[in-house]
$ cat run.cif   # mmCIF, C-alpha atoms
data_upload
loop_
_atom_site.label_atom_id
_atom_site.label_comp_id
_atom_site.auth_asym_id
_atom_site.auth_seq_id
_atom_site.Cartn_x
_atom_site.Cartn_y
_atom_site.Cartn_z
CA MET A 1 -59.48 -0.60 -90.21
CA SER A 2 -59.06 1.29 -86.97
CA VAL A 3 -55.90 1.06 -84.93
CA LEU A 4 -57.49 1.79 -81.58
CA SER A 5 -59.97 -0.58 -80.02
CA ASP A 6 -63.39 0.80 -79.06
CA ALA A 7 -62.37 0.68 -75.39
CA ASP A 8 -59.10 2.53 -76.08
CA ARG A 9 -60.90 5.09 -78.18
CA ALA A 10 -63.34 5.77 -75.35
CA ARG A 11 -60.55 6.00 -72.78
CA VAL A 12 -58.41 8.32 -74.92
CA GLY A 13 -61.46 10.44 -75.68
CA GLU A 14 -61.96 10.91 -71.94
CA LEU A 15 -58.33 11.94 -71.52
CA LEU A 16 -58.49 14.40 -74.41
CA ALA A 17 -61.61 15.98 -72.92
CA ALA A 18 -59.17 17.70 -70.53
CA MET A 19 -57.70 19.68 -73.45
CA GLY A 20 -57.91 23.45 -73.02
CA GLY A 21 -56.60 25.00 -76.21
CA GLY A 22 -56.26 23.39 -79.61
CA VAL A 23 -53.17 21.44 -80.66
CA ARG A 24 -51.74 20.92 -84.13
CA LEU A 25 -49.62 17.86 -84.70
CA ALA A 26 -46.99 18.64 -87.31
CA PHE A 27 -46.40 15.20 -88.81
CA PHE A 28 -43.36 14.54 -91.01
CA THR A 29 -43.66 11.49 -93.19
CA GLN A 30 -42.60 9.90 -96.46
CA THR A 31 -44.13 7.25 -98.68
CA LEU A 32 -41.14 5.10 -99.47
CA ASN A 33 -38.59 3.45 -97.19
CA CYS A 34 -40.55 4.13 -94.01
CA GLU A 35 -42.33 1.13 -92.55
CA THR A 36 -43.84 3.00 -89.63
CA CYS A 37 -44.94 6.20 -91.41
CA LEU A 38 -48.32 4.88 -92.54
CA PRO A 39 -49.21 3.26 -89.17
CA THR A 40 -48.20 6.51 -87.48
CA LYS A 41 -50.50 8.47 -89.79
CA GLN A 42 -53.36 6.10 -88.92
CA ILE A 43 -52.79 6.61 -85.20
CA LEU A 44 -52.64 10.42 -85.53
CA ASP A 45 -55.71 10.56 -87.77
CA GLU A 46 -57.69 8.46 -85.29
CA LEU A 47 -56.61 10.71 -82.43
CA ALA A 48 -57.65 13.81 -84.37
CA GLY A 49 -61.02 12.17 -84.98
CA LEU A 50 -61.68 12.02 -81.24
CA THR A 51 -61.74 15.77 -80.62
CA ASP A 52 -62.23 18.97 -82.58
CA LYS A 53 -59.30 20.47 -80.68
CA LEU A 54 -56.70 18.26 -82.33
CA SER A 55 -55.57 18.45 -85.95
CA VAL A 56 -52.85 16.84 -88.04
CA ASP A 57 -50.69 18.93 -90.32
CA GLU A 58 -48.94 16.50 -92.65
CA HIS A 59 -45.62 17.38 -94.25
CA ASN A 60 -43.83 15.33 -96.86
CA PHE A 61 -40.34 15.02 -95.41
CA LEU A 62 -38.69 14.85 -98.82
CA LEU A 63 -40.65 17.67 -100.45
CA ASP A 64 -40.91 19.98 -97.46
CA GLY A 65 -37.38 19.94 -96.16
CA ALA A 66 -37.61 23.57 -95.06
CA SER A 67 -40.34 22.81 -92.49
CA ALA A 68 -38.48 19.75 -91.25
CA ALA A 69 -35.31 21.76 -90.83
CA ALA A 70 -37.19 24.53 -89.03
CA TYR A 71 -38.22 22.01 -86.38
CA GLY A 72 -34.88 20.21 -86.37
CA VAL A 73 -36.54 17.07 -87.73
CA ASP A 74 -33.97 14.91 -89.52
CA ARG A 75 -35.79 11.58 -89.75
CA VAL A 76 -39.28 10.12 -90.09
CA PRO A 77 -41.83 9.51 -88.83
CA ALA A 78 -41.68 12.56 -86.59
CA VAL A 79 -44.45 14.34 -84.69
CA VAL A 80 -44.20 17.86 -83.27
CA PRO A 81 -47.14 18.96 -81.08
CA LEU A 82 -47.75 22.70 -81.55
CA GLY A 83 -50.04 25.10 -79.74
CA GLU A 84 -53.05 26.40 -81.66
CA ASP A 85 -51.13 29.59 -82.37
CA GLY A 86 -48.33 27.46 -83.82
CA ARG A 87 -46.19 27.82 -80.72
CA ASP A 88 -43.43 25.24 -80.60
CA TYR A 89 -42.98 23.85 -77.09
CA GLY A 90 -39.83 21.97 -78.02
CA ILE A 91 -41.33 18.47 -77.95
CA ARG A 92 -40.48 15.93 -80.67
CA PHE A 93 -41.50 12.32 -81.17
CA LEU A 94 -39.31 10.22 -83.44
CA GLY A 95 -40.73 6.87 -84.49
CA ILE A 96 -44.21 5.40 -84.23
CA PRO A 97 -46.08 6.52 -81.08
CA SER A 98 -47.38 3.12 -80.05
CA GLY A 99 -47.23 1.29 -76.74
CA TYR A 100 -45.88 3.45 -73.93
CA GLU A 101 -44.98 6.13 -76.41
CA PHE A 102 -48.66 6.47 -77.28
CA MET A 103 -49.45 7.55 -73.73
CA SER A 104 -46.46 9.90 -73.81
CA LEU A 105 -47.96 11.50 -76.91
CA ILE A 106 -51.32 11.92 -75.19
CA ASP A 107 -49.53 13.48 -72.21
CA ALA A 108 -47.61 15.83 -74.52
CA ILE A 109 -50.83 16.87 -76.27
CA LEU A 110 -52.40 17.72 -72.91
CA LEU A 111 -49.30 19.62 -71.75
CA VAL A 112 -49.20 21.72 -74.92
CA SER A 113 -52.95 22.21 -74.91
CA ASN A 114 -53.01 23.53 -71.38
CA GLY A 115 -49.55 25.15 -71.43
CA GLN A 116 -48.84 23.75 -67.97
CA SER A 117 -45.81 21.59 -67.23
CA GLY A 118 -47.22 20.23 -63.98
CA LEU A 119 -43.75 20.48 -62.45
CA SER A 120 -43.13 21.52 -58.84
CA ASP A 121 -42.31 25.12 -57.92
CA GLU A 122 -38.77 24.01 -57.13
CA SER A 123 -38.32 22.39 -60.55
CA ARG A 124 -39.76 25.43 -62.27
CA ALA A 125 -37.34 27.68 -60.41
CA LEU A 126 -34.40 25.51 -61.51
CA LEU A 127 -35.59 25.55 -65.12
CA ALA A 128 -36.03 29.32 -65.05
CA GLY A 129 -32.25 29.45 -64.65
CA VAL A 130 -31.67 27.61 -67.95
CA LEU A 131 -30.42 30.17 -70.45
CA ASP A 132 -28.63 27.97 -72.96
CA PRO A 133 -30.13 25.33 -75.26
CA LEU A 134 -30.71 22.04 -73.49
CA THR A 135 -31.63 19.02 -75.59
CA LEU A 136 -32.93 15.87 -73.94
CA GLN A 137 -33.05 12.71 -76.03
CA VAL A 138 -35.24 10.16 -74.27
CA PHE A 139 -34.83 6.65 -75.64
CA VAL A 140 -37.86 4.43 -75.17
CA THR A 141 -39.31 1.25 -76.63
CA PRO A 142 -42.95 0.45 -77.44
CA THR A 143 -43.31 -2.32 -74.86
CA MET B 144 -39.32 20.55 -68.92
CA ALA B 145 -39.69 21.62 -72.56
CA VAL B 146 -43.08 23.16 -71.81
CA GLU B 147 -41.60 25.03 -68.87
CA SER B 148 -38.51 26.43 -70.62
CA ARG B 149 -38.23 27.67 -74.17
CA HIS B 150 -34.55 26.68 -74.09
CA VAL B 151 -35.35 23.01 -73.53
CA THR B 152 -36.07 20.58 -76.36
CA SER B 153 -37.28 17.10 -75.53
CA VAL B 154 -36.94 14.42 -78.20
CA ILE B 155 -38.64 11.10 -77.53
CA VAL B 156 -36.92 8.45 -79.63
CA GLU B 157 -38.46 5.07 -80.38
CA ALA B 158 -35.20 3.19 -79.96
CA SER B 159 -36.01 0.08 -81.97
CA GLU B 160 -36.57 2.14 -85.12
CA TYR B 161 -33.26 3.92 -84.99
CA PRO B 162 -30.40 1.48 -84.40
CA ASP B 163 -27.93 4.14 -85.55
CA LEU B 164 -28.90 6.40 -82.64
CA VAL B 165 -28.89 3.44 -80.25
CA ARG B 166 -25.30 2.69 -81.26
CA GLN B 167 -24.25 6.33 -81.27
CA TYR B 168 -25.53 6.91 -77.73
CA ARG B 169 -24.77 3.40 -76.45
CA VAL B 170 -28.31 2.69 -75.38
CA SER B 171 -28.40 -0.71 -73.68
CA GLY B 172 -31.59 -0.21 -71.69
CA VAL B 173 -34.61 2.07 -71.68
CA PRO B 174 -35.60 4.60 -70.66
CA LYS B 175 -32.29 6.33 -71.17
CA THR B 176 -31.98 10.10 -71.43
CA VAL B 177 -29.03 11.83 -73.04
CA VAL B 178 -28.62 15.53 -72.25
CA ASN B 179 -26.78 17.72 -74.77
CA ASP B 180 -24.92 14.64 -76.02
CA THR B 181 -22.97 14.51 -72.76
CA VAL B 182 -24.92 13.63 -69.60
CA GLU B 183 -26.65 10.24 -69.29
CA ILE B 184 -29.64 9.59 -67.05
CA LEU B 185 -30.61 5.94 -66.75
CA GLY B 186 -34.03 4.63 -65.85
CA VAL B 187 -36.97 6.47 -64.37
CA GLN B 188 -35.97 9.04 -61.76
CA PRO B 189 -38.02 11.16 -59.35
CA GLU B 190 -38.71 14.62 -60.79
CA ASP B 191 -36.26 16.53 -58.59
CA SER B 192 -33.31 14.19 -59.11
CA PHE B 193 -34.00 13.96 -62.86
CA ILE B 194 -33.99 17.72 -63.28
CA ARG B 195 -30.89 18.18 -61.15
CA ALA B 196 -29.09 15.51 -63.18
CA ALA B 197 -30.20 17.12 -66.45
CA LEU B 198 -28.98 20.54 -65.34
CA GLU B 199 -25.63 19.33 -64.01
CA PRO B 200 -22.58 20.76 -65.71
CA PRO B 201 -21.45 18.28 -68.37
CA PRO B 202 -18.46 16.06 -67.60
CA SER B 203 -15.18 17.16 -69.11
CA SER B 204 -15.19 14.41 -71.72
CA SER B 205 -18.11 13.98 -74.09
CA LEU B 206 -19.80 10.62 -74.58
CA LEU B 207 -19.13 10.84 -78.27
#

$ encode --input "run.cif" --output "structure tokens"
Amino acid sequence: MSVLSDADRARVGELLAAMGGGVRLAFFTQTLNCETCLPTKQILDELAGLTDKLSVDEHNFLLDGASAAAYGVDRVPAVVPLGEDGRDYGIRFLGIPSGYEFMSLIDAILLVSNGQSGLSDESRALLAGVLDPLTLQVFVTPT
Amino acid sequence: MAVESRHVTSVIVEASEYPDLVRQYRVSGVPKTVVNDTVEILGVQPEDSFIRAALEPPPSSSLL
């Protein structure tokens, strides 16, 4: 059974048509004790089915702890959008990307794909001055 | 911001799945952004004020 409606699939397909380069979604999951891991996998697989430029790279969180640690992933489900060369842009999604978070994931895929932040020149100048690690945790809810 | 700077990591947290993080960071409304465990930004802000708030020096006492 598909997660996205036909209308949503068409709309998301249109949005993903703006992708420049390919994107790999590193997906950390586990089978047991994770209610949202399977629904997240279904969402990601459906997204990847909409364009050749998007792929899902599934990692078992329990068996592949080294990869999880490399991306600083300490819980599941987690999604890390990577450039086609494997470049990590520092974006992480924790929890199922449904509701508003689904659109945030689409936005993140497009940002990584095109390598453009879309920020103003002023913002970019401010960010160029960041020399130490800066971690933003953005708390959201699906509705 | 994360795309623009390799020093920036942006973690989008689905709050209802992680009550431990909600308690730890005292999230009572969304969206709420926590910067380096210290600076809080509440609600949706215009780009320039959000970035200025995120880049502000942290307060002397941590949230935690």

$ resolve_selection --input "run.cif" --expression "the PyMOL selection byres ((chain A) within 9 of (chain B))" --output "MDAnalysis selection string"
chainID A and resid 36 88:97 101 104 111:112 115:120 122:124 126:128 130:142

$ atom_distance --input "run.cif" --atom1 "atom CA of Leu110 of chain A" --atom2 "atom CA of Thr29 of chain A"
22.9 Å

$ atom_distance --input "run.cif" --atom1 "atom CA of Cys34 of chain A" --atom2 "atom CA of Arg87 of chain A"
27.7 Å

$ residues_around --input "run.cif" --residues "segment 1-10 of chain A" --least-positions-apart "3" --cutoff "10 Å" --atoms "all atoms listed in the file" --output "list in words"
Gly13, Glu14, Leu15, Leu16, Pro39, Thr40, Gln42, Ile43, Leu44, Asp45, Glu46, Leu47, Gly49 and Leu50 of chain A

$ atom_distance --input "run.cif" --atom1 "atom CA of Pro77 of chain A" --atom2 "atom CA of Phe28 of chain A"
5.7 Å

$ resolve_selection --input "run.cif" --expression "the PyMOL selection byres ((chain A and resi 58) around 9)" --output "number ranges by chain"
A: 25-29, 41, 56-57, 59-60

$ residues_around --input "run.cif" --residues "Lys53 of chain A" --least-positions-apart "5" --cutoff "7 Å" --atoms "only C-alpha atoms" --output "PyMOL selection string"
chain A and resi 21-23

$ residues_around --input "run.cif" --residues "Ala69 of chain A" --least-positions-apart "5" --cutoff "12 Å" --atoms "all atoms listed in the file" --output "list of chain:residue names"
A:Phe28, A:His59, A:Phe61, A:Leu62, A:Leu63, A:Asp64, A:Asp74, A:Arg75, A:Ala78
